[in-house]
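Peer 1: File query-v4.txt below, compact mmCIF, C-alpha atoms:
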```
# COMPACT_ATOMS: atom_id res chain seq x y z
CA MET R 1 -106.58 -15.65 -118.09
CA ALA R 2 -107.44 -16.66 -114.52
CA PHE R 3 -103.89 -17.93 -113.93
CA ILE R 4 -102.42 -14.63 -115.20
CA ASP R 5 -104.80 -12.58 -113.04
CA ALA R 6 -103.87 -14.64 -109.97
CA ALA R 7 -100.15 -14.23 -110.64
CA VAL R 8 -100.45 -10.46 -111.10
CA ALA R 9 -102.58 -10.17 -107.96
CA ALA R 10 -99.86 -11.99 -106.04
CA GLY R 11 -97.31 -9.38 -107.11
CA ALA R 12 -95.84 -10.84 -110.34
CA ARG R 13 -95.25 -8.67 -113.38
CA LEU R 14 -97.61 -9.26 -116.29
CA ARG R 15 -94.74 -9.84 -118.73
CA LYS R 16 -93.15 -12.53 -116.51
CA ALA R 17 -96.47 -14.27 -115.96
CA CYS R 18 -97.15 -14.33 -119.69
CA GLU R 19 -93.71 -15.80 -120.44
CA LEU R 20 -94.52 -18.85 -118.33
CA LEU R 21 -97.56 -19.51 -120.56
CA ASP R 22 -95.60 -18.83 -123.77
CA ILE R 23 -97.65 -15.78 -124.70
CA SER R 24 -96.87 -12.08 -124.90
CA ALA R 25 -98.24 -9.43 -122.59
CA ARG R 26 -99.31 -7.41 -125.63
CA THR R 27 -101.57 -10.28 -126.74
CA ILE R 28 -103.34 -10.36 -123.35
CA GLN R 29 -103.87 -6.62 -123.50
CA ARG R 30 -105.31 -6.87 -127.01
CA TRP R 31 -107.73 -9.65 -126.01
CA ARG R 32 -109.01 -7.66 -123.05
CA ALA R 33 -109.36 -4.50 -125.13
CA GLY R 34 -111.69 -6.49 -127.36
CA GLY R 35 -113.82 -7.49 -124.40
CA SER R 36 -112.84 -11.17 -124.50
CA GLU R 37 -112.11 -13.32 -121.47
CA ALA R 38 -111.49 -16.56 -123.44
CA GLU R 39 -108.89 -18.96 -122.15
CA ASP R 40 -106.74 -18.92 -125.29
CA GLN R 41 -107.61 -17.39 -128.65
CA ARG R 42 -104.50 -18.51 -130.47
CA LYS R 43 -105.39 -20.75 -133.39
CA GLY R 44 -101.97 -21.50 -134.88
CA PRO R 45 -101.43 -22.36 -138.55
CA ARG R 46 -104.62 -23.64 -140.17
CA SER R 47 -102.94 -25.62 -142.95
CA LYS R 48 -99.56 -26.82 -144.14
CA PRO R 49 -97.79 -24.33 -146.47
CA SER R 50 -98.55 -25.22 -150.09
CA ASN R 51 -94.95 -24.79 -151.18
CA SER R 52 -93.33 -27.03 -148.55
CA LEU R 53 -91.44 -30.18 -149.48
CA SER R 54 -93.39 -33.40 -149.60
CA GLN R 55 -92.36 -36.26 -147.33
CA THR R 56 -90.89 -38.08 -150.34
CA GLU R 57 -88.84 -35.01 -151.31
CA ARG R 58 -87.67 -34.57 -147.70
CA ASP R 59 -86.61 -38.21 -147.47
CA ARG R 60 -84.73 -37.92 -150.75
CA LEU R 61 -83.02 -34.74 -149.54
CA LEU R 62 -81.85 -36.39 -146.31
CA GLU R 63 -80.67 -39.44 -148.22
CA VAL R 64 -78.48 -37.28 -150.49
CA VAL R 65 -76.93 -35.04 -147.82
CA ASN R 66 -76.20 -38.03 -145.57
CA GLY R 67 -74.62 -40.05 -148.36
CA ASN R 68 -70.91 -40.84 -148.42
CA GLU R 69 -70.16 -37.99 -150.82
CA PHE R 70 -71.86 -35.15 -148.93
CA GLN R 71 -72.00 -36.22 -145.29
CA GLY R 72 -68.91 -34.19 -144.37
CA LEU R 73 -70.02 -31.01 -146.20
CA SER R 74 -72.25 -28.13 -145.16
CA PRO R 75 -75.40 -27.26 -147.17
CA LYS R 76 -73.51 -24.25 -148.54
CA GLN R 77 -71.04 -26.65 -150.11
CA ILE R 78 -73.64 -29.23 -151.18
CA VAL R 79 -75.99 -26.92 -153.10
CA PRO R 80 -73.46 -25.57 -155.64
CA ARG R 81 -71.98 -29.03 -156.19
CA LEU R 82 -75.44 -30.36 -157.05
CA ALA R 83 -76.12 -27.33 -159.24
CA ASP R 84 -72.95 -28.05 -161.23
CA ARG R 85 -74.47 -31.45 -162.04
CA GLY R 86 -77.77 -29.94 -163.10
CA VAL R 87 -79.54 -31.03 -159.91
CA TYR R 88 -81.63 -28.84 -157.60
CA LEU R 89 -83.18 -30.38 -154.49
CA ALA R 90 -83.72 -27.40 -152.17
CA SER R 91 -82.13 -24.17 -150.99
CA GLU R 92 -79.47 -24.02 -148.28
CA SER R 93 -81.99 -22.73 -145.73
CA THR R 94 -84.40 -25.59 -146.49
CA ILE R 95 -81.60 -28.14 -146.07
CA TYR R 96 -80.57 -26.54 -142.77
CA ARG R 97 -84.16 -26.72 -141.51
CA ALA R 98 -84.45 -30.37 -142.51
CA LEU R 99 -81.17 -31.23 -140.76
CA ARG R 100 -82.16 -29.25 -137.67
CA ARG R 101 -85.47 -31.11 -137.51
CA GLU R 102 -83.53 -34.39 -137.54
CA GLY R 103 -81.03 -33.22 -134.90
CA GLN R 104 -78.13 -33.32 -137.35
CA LEU R 105 -76.76 -29.80 -136.87
CA ALA R 106 -73.82 -29.35 -134.50
CA HIS R 107 -70.55 -27.40 -134.42
CA ARG R 108 -67.46 -29.53 -134.86
CA GLN R 109 -65.32 -27.26 -132.72
CA ALA R 110 -65.69 -24.17 -130.60
CA SER R 111 -65.36 -21.06 -132.77
CA ARG R 112 -64.63 -17.49 -131.87
CA THR R 113 -67.07 -14.74 -132.68
CA PRO R 114 -66.21 -13.22 -136.09
CA THR R 115 -64.42 -9.90 -135.85
CA GLN R 116 -65.36 -6.84 -137.85
CA ARG R 117 -63.14 -6.18 -140.86
CA THR R 118 -61.04 -3.05 -140.97
CA LYS R 119 -61.10 -0.55 -143.80
CA GLN R 120 -59.26 -1.58 -146.95
CA SER R 121 -56.58 0.11 -148.98
CA HIS R 122 -55.93 -2.30 -151.91
CA SER R 123 -58.14 -3.84 -154.57
CA ALA R 124 -57.84 -6.35 -157.39
CA THR R 125 -59.95 -6.98 -160.49
CA GLY R 126 -58.07 -10.02 -161.78
CA PRO R 127 -55.42 -12.60 -160.88
CA ASN R 128 -51.80 -11.70 -160.09
CA GLN R 129 -52.56 -8.16 -158.99
CA LEU R 130 -52.78 -8.46 -155.20
CA TRP R 131 -51.18 -11.21 -153.11
CA SER R 132 -51.18 -11.80 -149.36
CA TRP R 133 -48.81 -13.96 -147.37
CA ASP R 134 -47.94 -14.97 -143.83
CA ILE R 135 -46.23 -17.65 -141.74
CA THR R 136 -47.88 -20.05 -139.30
CA TYR R 137 -46.62 -22.67 -136.85
CA LEU R 138 -46.93 -26.40 -137.35
CA LYS R 139 -46.26 -28.53 -134.27
CA GLY R 140 -43.02 -30.52 -134.54
CA PRO R 141 -42.16 -33.92 -133.04
CA ALA R 142 -41.28 -32.55 -129.57
CA ARG R 143 -42.89 -30.07 -127.23
CA GLY R 144 -41.71 -26.55 -128.09
CA GLN R 145 -40.45 -27.62 -131.51
CA PHE R 146 -42.16 -26.21 -134.61
CA PHE R 147 -42.04 -26.17 -138.37
CA TYR R 148 -42.92 -22.96 -140.19
CA LEU R 149 -45.36 -22.83 -143.08
CA TYR R 150 -44.95 -19.96 -145.56
CA LEU R 151 -48.09 -19.43 -147.69
CA VAL R 152 -48.74 -16.91 -150.49
CA ILE R 153 -52.33 -16.45 -151.70
CA ASP R 154 -53.80 -14.52 -154.63
CA VAL R 155 -56.46 -12.34 -153.01
CA TRP R 156 -58.64 -12.10 -156.15
CA SER R 157 -58.89 -15.83 -156.85
CA ARG R 158 -57.96 -17.13 -153.35
CA LYS R 159 -55.50 -19.50 -155.06
CA ILE R 160 -52.38 -20.54 -153.16
CA VAL R 161 -49.66 -19.50 -155.58
CA GLY R 162 -46.71 -20.60 -153.45
CA TRP R 163 -45.79 -22.30 -150.20
CA SER R 164 -42.88 -23.72 -148.27
CA VAL R 165 -42.33 -25.55 -144.96
CA ARG R 166 -39.09 -24.68 -143.15
CA ARG R 167 -37.42 -25.37 -139.85
CA SER R 168 -37.06 -21.67 -139.02
CA GLU R 169 -38.35 -18.20 -139.81
CA SER R 170 -36.03 -15.95 -141.80
CA ALA R 171 -36.02 -13.34 -144.53
CA ASP R 172 -33.71 -15.65 -146.53
CA HIS R 173 -36.41 -18.35 -146.68
CA SER R 174 -38.99 -15.74 -147.68
CA SER R 175 -36.71 -14.52 -150.45
CA GLU R 176 -36.16 -18.07 -151.73
CA LEU R 177 -39.91 -18.67 -151.82
CA MET R 178 -40.50 -15.58 -153.96
CA HIS R 179 -37.82 -16.73 -156.43
CA GLU R 180 -39.47 -20.18 -156.57
CA ILE R 181 -42.90 -18.64 -157.24
CA SER R 182 -41.48 -16.50 -160.03
CA GLU R 183 -39.89 -19.53 -161.71
CA THR R 184 -42.87 -21.86 -161.18
CA LEU R 185 -45.55 -19.48 -162.46
CA ALA R 186 -43.34 -18.23 -165.30
CA ILE R 187 -44.92 -14.77 -165.14
CA ASP R 188 -43.62 -11.25 -164.68
CA LEU R 189 -44.21 -10.29 -161.04
CA GLU R 190 -43.59 -6.61 -161.61
CA GLY R 191 -46.37 -4.46 -160.19
CA ILE R 192 -47.93 -7.17 -158.02
CA ILE R 193 -48.76 -5.91 -154.51
CA LEU R 194 -47.61 -8.32 -151.81
CA HIS R 195 -49.28 -7.68 -148.45
CA SER R 196 -48.06 -9.05 -145.13
CA ASP R 197 -47.75 -8.18 -141.47
CA ASN R 198 -44.71 -6.51 -139.91
CA GLY R 199 -42.70 -9.61 -138.94
CA GLY R 200 -38.95 -9.93 -139.41
CA PRO R 201 -39.15 -12.41 -142.33
CA MET R 202 -41.44 -9.96 -144.15
CA LYS R 203 -39.36 -6.81 -143.64
CA GLY R 204 -35.84 -8.31 -143.64
CA ALA R 205 -33.25 -6.76 -145.93
CA THR R 206 -32.89 -9.90 -148.06
CA MET R 207 -36.63 -10.16 -148.64
CA LEU R 208 -37.06 -6.47 -149.49
CA ALA R 209 -34.12 -6.63 -151.90
CA THR R 210 -35.69 -9.64 -153.64
CA LEU R 211 -39.04 -7.88 -153.96
CA GLN R 212 -37.36 -4.83 -155.43
CA TRP R 213 -35.42 -7.00 -157.91
CA LEU R 214 -38.64 -8.78 -158.98
CA GLY R 215 -40.61 -5.54 -159.18
CA VAL R 216 -43.06 -6.62 -156.46
CA VAL R 217 -44.61 -3.82 -154.40
CA PRO R 218 -44.47 -4.59 -150.65
CA SER R 219 -47.40 -3.66 -148.42
CA PHE R 220 -47.60 -4.07 -144.65
CA SER R 221 -50.34 -4.20 -142.03
CA ARG R 222 -50.73 -1.42 -139.52
CA PRO R 223 -49.03 -2.18 -136.19
CA TYR R 224 -51.23 -4.16 -133.77
CA VAL R 225 -54.07 -4.51 -136.34
CA LYS R 226 -54.41 -8.23 -136.96
CA ASP R 227 -57.31 -8.03 -139.44
CA ASP R 228 -55.25 -6.01 -141.91
CA ASN R 229 -54.03 -9.37 -143.25
CA SER R 230 -57.39 -11.11 -143.03
CA TYR R 231 -57.10 -13.28 -146.15
CA SER R 232 -54.01 -15.09 -144.92
CA GLU R 233 -55.43 -15.44 -141.41
CA SER R 234 -58.62 -16.94 -142.85
CA LEU R 235 -56.62 -19.38 -144.97
CA PHE R 236 -54.65 -20.59 -141.95
CA ARG R 237 -57.90 -21.15 -140.05
CA THR R 238 -59.26 -23.22 -142.93
CA LEU R 239 -56.05 -25.25 -142.95
CA LYS R 240 -56.03 -26.00 -139.22
CA TYR R 241 -59.77 -26.74 -139.03
CA ARG R 242 -59.61 -29.39 -141.71
CA PRO R 243 -60.88 -32.75 -140.35
CA CYS R 244 -57.69 -34.43 -141.58
CA TYR R 245 -55.39 -31.94 -139.83
CA PRO R 246 -53.13 -33.94 -137.44
CA ARG R 247 -54.44 -33.86 -133.87
CA THR R 248 -51.00 -34.59 -132.41
CA ARG R 249 -47.76 -33.49 -134.10
CA PHE R 250 -45.86 -33.74 -137.34
CA GLN R 251 -43.07 -36.24 -136.75
CA SER R 252 -40.76 -34.91 -139.47
CA LEU R 253 -40.30 -32.04 -141.90
CA GLU R 254 -41.07 -34.41 -144.77
CA GLN R 255 -44.40 -35.42 -143.20
CA ALA R 256 -45.37 -31.77 -142.76
CA GLN R 257 -44.45 -30.97 -146.36
CA GLY R 258 -46.43 -33.94 -147.64
CA TRP R 259 -49.54 -32.97 -145.69
CA VAL R 260 -49.38 -29.33 -146.85
CA ALA R 261 -48.94 -30.45 -150.47
CA LYS R 262 -52.17 -32.48 -150.22
CA PHE R 263 -53.97 -29.55 -148.57
CA VAL R 264 -52.89 -27.15 -151.33
CA ARG R 265 -54.15 -29.54 -154.04
CA TRP R 266 -57.50 -29.85 -152.24
CA TYR R 267 -57.81 -26.13 -151.52
CA ASN R 268 -56.94 -24.98 -155.03
CA GLY R 269 -58.65 -27.72 -157.01
CA GLU R 270 -61.60 -29.03 -154.95
CA HIS R 271 -62.62 -26.52 -152.26
CA LEU R 272 -65.67 -24.45 -153.24
CA HIS R 273 -64.77 -21.11 -151.70
CA SER R 274 -67.66 -19.09 -150.23
CA GLY R 275 -65.91 -15.76 -150.95
CA ILE R 276 -65.85 -16.37 -154.72
CA SER R 277 -69.41 -17.70 -155.23
CA PHE R 278 -68.53 -21.30 -154.41
CA VAL R 279 -66.12 -22.08 -157.23
CA THR R 280 -62.62 -23.42 -156.70
CA PRO R 281 -59.62 -21.03 -156.62
CA ASP R 282 -58.19 -22.81 -159.69
CA GLN R 283 -61.42 -22.23 -161.62
CA ARG R 284 -61.54 -18.54 -160.75
CA HIS R 285 -57.83 -18.04 -161.41
CA ALA R 286 -58.26 -19.58 -164.88
CA GLY R 287 -61.37 -17.51 -165.65
CA GLU R 288 -63.76 -20.47 -165.69
CA ASP R 289 -66.05 -19.16 -162.93
CA ALA R 290 -68.31 -17.14 -165.27
CA ARG R 291 -69.28 -20.25 -167.27
CA ILE R 292 -69.87 -22.34 -164.12
CA LEU R 293 -72.01 -19.66 -162.46
CA ALA R 294 -74.04 -19.14 -165.64
CA LYS R 295 -74.85 -22.85 -165.66
CA ARG R 296 -75.98 -22.68 -162.02
CA ARG R 297 -78.27 -19.76 -162.83
CA GLY R 298 -79.86 -21.90 -165.52
CA VAL R 299 -80.46 -24.72 -163.04
CA TYR R 300 -82.14 -22.35 -160.58
CA GLU R 301 -84.30 -20.74 -163.25
CA ALA R 302 -85.46 -24.18 -164.42
CA ALA R 303 -86.25 -25.17 -160.81
CA ARG R 304 -88.30 -21.99 -160.37
CA ARG R 305 -90.29 -22.67 -163.52
CA LEU R 306 -91.02 -26.18 -162.27
CA HIS R 307 -92.21 -25.06 -158.80
CA PRO R 308 -92.95 -21.29 -159.00
CA SER R 309 -94.85 -21.30 -155.69
CA ARG R 310 -91.64 -22.10 -153.80
CA TRP R 311 -90.01 -18.82 -154.84
CA THR R 312 -91.15 -15.57 -153.31
CA GLY R 313 -88.54 -13.42 -155.02
CA ARG R 314 -85.69 -13.65 -157.46
CA THR R 315 -83.54 -16.74 -157.79
CA ARG R 316 -80.04 -16.77 -156.36
CA LYS R 317 -77.74 -14.53 -158.39
CA TRP R 318 -74.76 -16.87 -158.84
CA THR R 319 -72.68 -13.96 -160.14
CA SER R 320 -68.95 -13.50 -160.04
CA VAL R 321 -67.46 -10.72 -157.90
CA ASN R 322 -65.42 -8.58 -160.27
CA ALA R 323 -63.43 -6.70 -157.64
CA VAL R 324 -62.09 -7.69 -154.24
CA PHE R 325 -60.66 -5.42 -151.58
CA LEU R 326 -58.09 -5.68 -148.84
CA ASN R 327 -58.85 -3.26 -145.99
CA ARG R 328 -61.59 -1.43 -147.89
CA SER R 329 -61.86 2.30 -147.34
CA SER R 330 -65.12 4.25 -147.34
CA THR R 331 -64.36 5.61 -150.83
CA ASP R 332 -63.87 2.20 -152.50
CA GLU R 333 -66.62 1.33 -154.96
CA VAL R 334 -68.10 -2.17 -154.71
CA VAL R 335 -68.19 -3.87 -158.12
CA ALA R 336 -70.27 -7.03 -158.40
```
Before we go any further, please render this structure as structure tokens.
Peer 2:
Amino acid sequence: MAFIDAAVAAGARLRKACELLDISARTIQRWRAGGSEAEDQRKGPRSKPSNSLSQTERDRLLEVVNGNEFQGLSPKQIVPRLADRGVYLASESTIYRALRREGQLAHRQASRTPTQRTKQSHSATGPNQLWSWDITYLKGPARGQFFYLYLVIDVWSRKIVGWSVRRSESADHSSELMHEISETLAIDLEGIILHSDNGGPMKGATMLATLQWLGVVPSFSRPYVKDDNSYSESLFRTLKYRPCYPRTRFQSLEQAQGWVAKFVRWYNGEHLHSGISFVTPDQRHAGEDARILAKRRGVYEAARRLHPSRWTGRTRKWTSVNAVFLNRSSTDEVVA
């Protein structure tokens, strides 16, 4: 208190003086209102929280997340994978705190601040209702030389339903890809909404004629609004932020095609997607997500019964999202 009084008498503001002692000005005012001139009345926590992890449990947790299987995954990926095996160690937030305490949290790369999503205009309640697609660059063997990756994603399940790597951008290549998807999936594409931006390969006469022949309904982003095609943009970011993404260049078209083929197998069959309750796109597309999420709920309920003091509210829902939206409008109803 004497130090604060001396600082204020010398012309410093009370708030600034208190910050240097790691205490708030409001606390000083409250102490003085009570007639106390004690040096420091802060007592801190009197005991360790009763529901905290024991040292043995914390050591076991760190051993698991730093093992060969999970060391490259975030806690958000680790927890559902353990739940699928009937194992519950701790929540994501607890794992993050444990890793932060050990100095094991760091960004792999610089990331931009997330942008706010624009209002939507399409929705889907099942697979093969709403697709999104776009084209991205892959660095070729020489400076200024590129390969072009065409990717089509099912917005409801996040599954990549078709892709192609070409040497150029054109509506002809886009048209060929749609024919290949139709033959590979062996389904009727009539009525499917296909959303894209306003590029030439998307709006070319050959592409539009193919969509009309297949019965696909074309949809386009608003001019100069990048987030109108957010699902494809997000997919490309996932692709290029993969640890195994080449840091230099693809030396041939065949190398680029081989790498993308491996990525698609991983993304569809292994990647636990945060937007669909951490199941794989293949699982959601095939309708297996409800069974998987029900099993996870059972694991969490059993963990709560075992240690009820560690739960202050309900357990995690682990429920499937029944409807997804692209550019949601204010009148769209959210269905969970």
Peer 1: Quick one: contact table of range 88-159 of chain R to range 55-78 of chain R, 9 Å max, nearest atom pair and distance in Å to one decimal per residue, counting only C-alpha atoms, chain and number order, as a Markdown table?
Peer 2:
```
| residue | atom | partner | partner_atom | distance |
| --- | --- | --- | --- | --- |
| R:Leu89 | CA | R:Leu61 | CA | 6.6 |
| R:Ala90 | CA | R:Leu61 | CA | 7.8 |
| R:Ser91 | CA | R:Pro75 | CA | 8.3 |
| R:Glu92 | CA | R:Pro75 | CA | 5.3 |
| R:Ser93 | CA | R:Pro75 | CA | 8.1 |
| R:Ile95 | CA | R:Pro75 | CA | 6.4 |
| R:Tyr96 | CA | R:Pro75 | CA | 6.8 |
| R:Ala98 | CA | R:Arg58 | CA | 7.4 |
| R:Leu99 | CA | R:Leu62 | CA | 7.6 |
```
Peer 1: Pick out the residues sitting within 10 Å of range 291-303 of chain R, and hand them over as number ranges by chain; count only C-alpha atoms, and ignore anything fewer than 2 positions along from it in its own chain.
Peer 2: R: 79-91, 277-279, 283-284, 287-289, 305-308, 310-311, 314-320
Peer 1: Convert the current residue selection to file output with C-alpha atoms, as a PDB file, in the coordinates of the input.
Peer 2:
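Saved the output as result-v7.pdb:
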```pdb
ATOM      1  CA  VAL R  79     -75.990 -26.920-153.100  1.00  0.00           C
ATOM      2  CA  PRO R  80     -73.460 -25.570-155.640  1.00  0.00           C
ATOM      3  CA  ARG R  81     -71.980 -29.030-156.190  1.00  0.00           C
ATOM      4  CA  LEU R  82     -75.440 -30.360-157.050  1.00  0.00           C
ATOM      5  CA  ALA R  83     -76.120 -27.330-159.240  1.00  0.00           C
ATOM      6  CA  ASP R  84     -72.950 -28.050-161.230  1.00  0.00           C
ATOM      7  CA  ARG R  85     -74.470 -31.450-162.040  1.00  0.00           C
ATOM      8  CA  GLY R  86     -77.770 -29.940-163.100  1.00  0.00           C
ATOM      9  CA  VAL R  87     -79.540 -31.030-159.910  1.00  0.00           C
ATOM     10  CA  TYR R  88     -81.630 -28.840-157.600  1.00  0.00           C
ATOM     11  CA  LEU R  89     -83.180 -30.380-154.490  1.00  0.00           C
ATOM     12  CA  ALA R  90     -83.720 -27.400-152.170  1.00  0.00           C
ATOM     13  CA  SER R  91     -82.130 -24.170-150.990  1.00  0.00           C
ATOM     14  CA  SER R 277     -69.410 -17.700-155.230  1.00  0.00           C
ATOM     15  CA  PHE R 278     -68.530 -21.300-154.410  1.00  0.00           C
ATOM     16  CA  VAL R 279     -66.120 -22.080-157.230  1.00  0.00           C
ATOM     17  CA  GLN R 283     -61.420 -22.230-161.620  1.00  0.00           C
ATOM     18  CA  ARG R 284     -61.540 -18.540-160.750  1.00  0.00           C
ATOM     19  CA  GLY R 287     -61.370 -17.510-165.650  1.00  0.00           C
ATOM     20  CA  GLU R 288     -63.760 -20.470-165.690  1.00  0.00           C
ATOM     21  CA  ASP R 289     -66.050 -19.160-162.930  1.00  0.00           C
ATOM     22  CA  ARG R 305     -90.290 -22.670-163.520  1.00  0.00           C
ATOM     23  CA  LEU R 306     -91.020 -26.180-162.270  1.00  0.00           C
ATOM     24  CA  HIS R 307     -92.210 -25.060-158.800  1.00  0.00           C
ATOM     25  CA  PRO R 308     -92.950 -21.290-159.000  1.00  0.00           C
ATOM     26  CA  ARG R 310     -91.640 -22.100-153.800  1.00  0.00           C
ATOM     27  CA  TRP R 311     -90.010 -18.820-154.840  1.00  0.00           C
ATOM     28  CA  ARG R 314     -85.690 -13.650-157.460  1.00  0.00           C
ATOM     29  CA  THR R 315     -83.540 -16.740-157.790  1.00  0.00           C
ATOM     30  CA  ARG R 316     -80.040 -16.770-156.360  1.00  0.00           C
ATOM     31  CA  LYS R 317     -77.740 -14.530-158.390  1.00  0.00           C
ATOM     32  CA  TRP R 318     -74.760 -16.870-158.840  1.00  0.00           C
ATOM     33  CA  THR R 319     -72.680 -13.960-160.140  1.00  0.00           C
ATOM     34  CA  SER R 320     -68.950 -13.500-160.040  1.00  0.00           C
TER      35      SER R 320
END
```
Peer 1: Quick one: pull the distance between CA of Pro127 in chain R and CA of Asp154 in chain R, Å, one decimal.
Peer 2: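 Going from CA of Pro127 in chain R over to CA of Asp154 in chain R covers 6.7 Å.
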Peer 1: Applying 10 Å and all atoms listed in the file, which residues near Val217 in chain R remain after dropping the ones on its own chain fewer than 6 positions away? List them as a PDB file with C-alpha atoms, in the coordinates of the input.
Peer 2:
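Result file result.pdb:
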```pdb
ATOM      1  CA  LEU R 130     -52.780  -8.460-155.200  1.00  0.00           C
ATOM      2  CA  TRP R 131     -51.180 -11.210-153.110  1.00  0.00           C
ATOM      3  CA  LEU R 189     -44.210 -10.290-161.040  1.00  0.00           C
ATOM      4  CA  GLU R 190     -43.590  -6.610-161.610  1.00  0.00           C
ATOM      5  CA  GLY R 191     -46.370  -4.460-160.190  1.00  0.00           C
ATOM      6  CA  ILE R 192     -47.930  -7.170-158.020  1.00  0.00           C
ATOM      7  CA  ILE R 193     -48.760  -5.910-154.510  1.00  0.00           C
ATOM      8  CA  LEU R 194     -47.610  -8.320-151.810  1.00  0.00           C
ATOM      9  CA  HIS R 195     -49.280  -7.680-148.450  1.00  0.00           C
ATOM     10  CA  LEU R 208     -37.060  -6.470-149.490  1.00  0.00           C
ATOM     11  CA  LEU R 211     -39.040  -7.880-153.960  1.00  0.00           C
TER      12      LEU R 211
END
```
Peer 1: When you count only C-alpha atoms, which of these residues is closest to Leu185 in chain R: R:Asn128, R:Val324, R:Arg32, R:Ser234?
Peer 2: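 That would be R:Asn128, the residue with the smallest distance to Leu185 in chain R.
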Peer 1: To one decimal in Å, tell me the separation between CA of Pro201 in chain R and CA of Arg222 in chain R.
Peer 2: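 Result for CA of Pro201 in chain R versus CA of Arg222 in chain R: 16.2 Å, one decimal.
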Peer 1: Enter the distance from CA of Ile276 in chain R to CA of Lys262 in chain R, in Å, rounded to one decimal.
Peer 2: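 Separation of CA of Ile276 in chain R and CA of Lys262 in chain R: 21.6 Å.
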Peer 1: Given the choices R:Val165, R:Val216, R:Met207, R:Ala106, which gets closest to Glu254 in chain R if the distance is worked out from all atoms listed in the file?
Peer 2: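 Ranked by minimum distance to Glu254 in chain R, first place goes to R:Val165.
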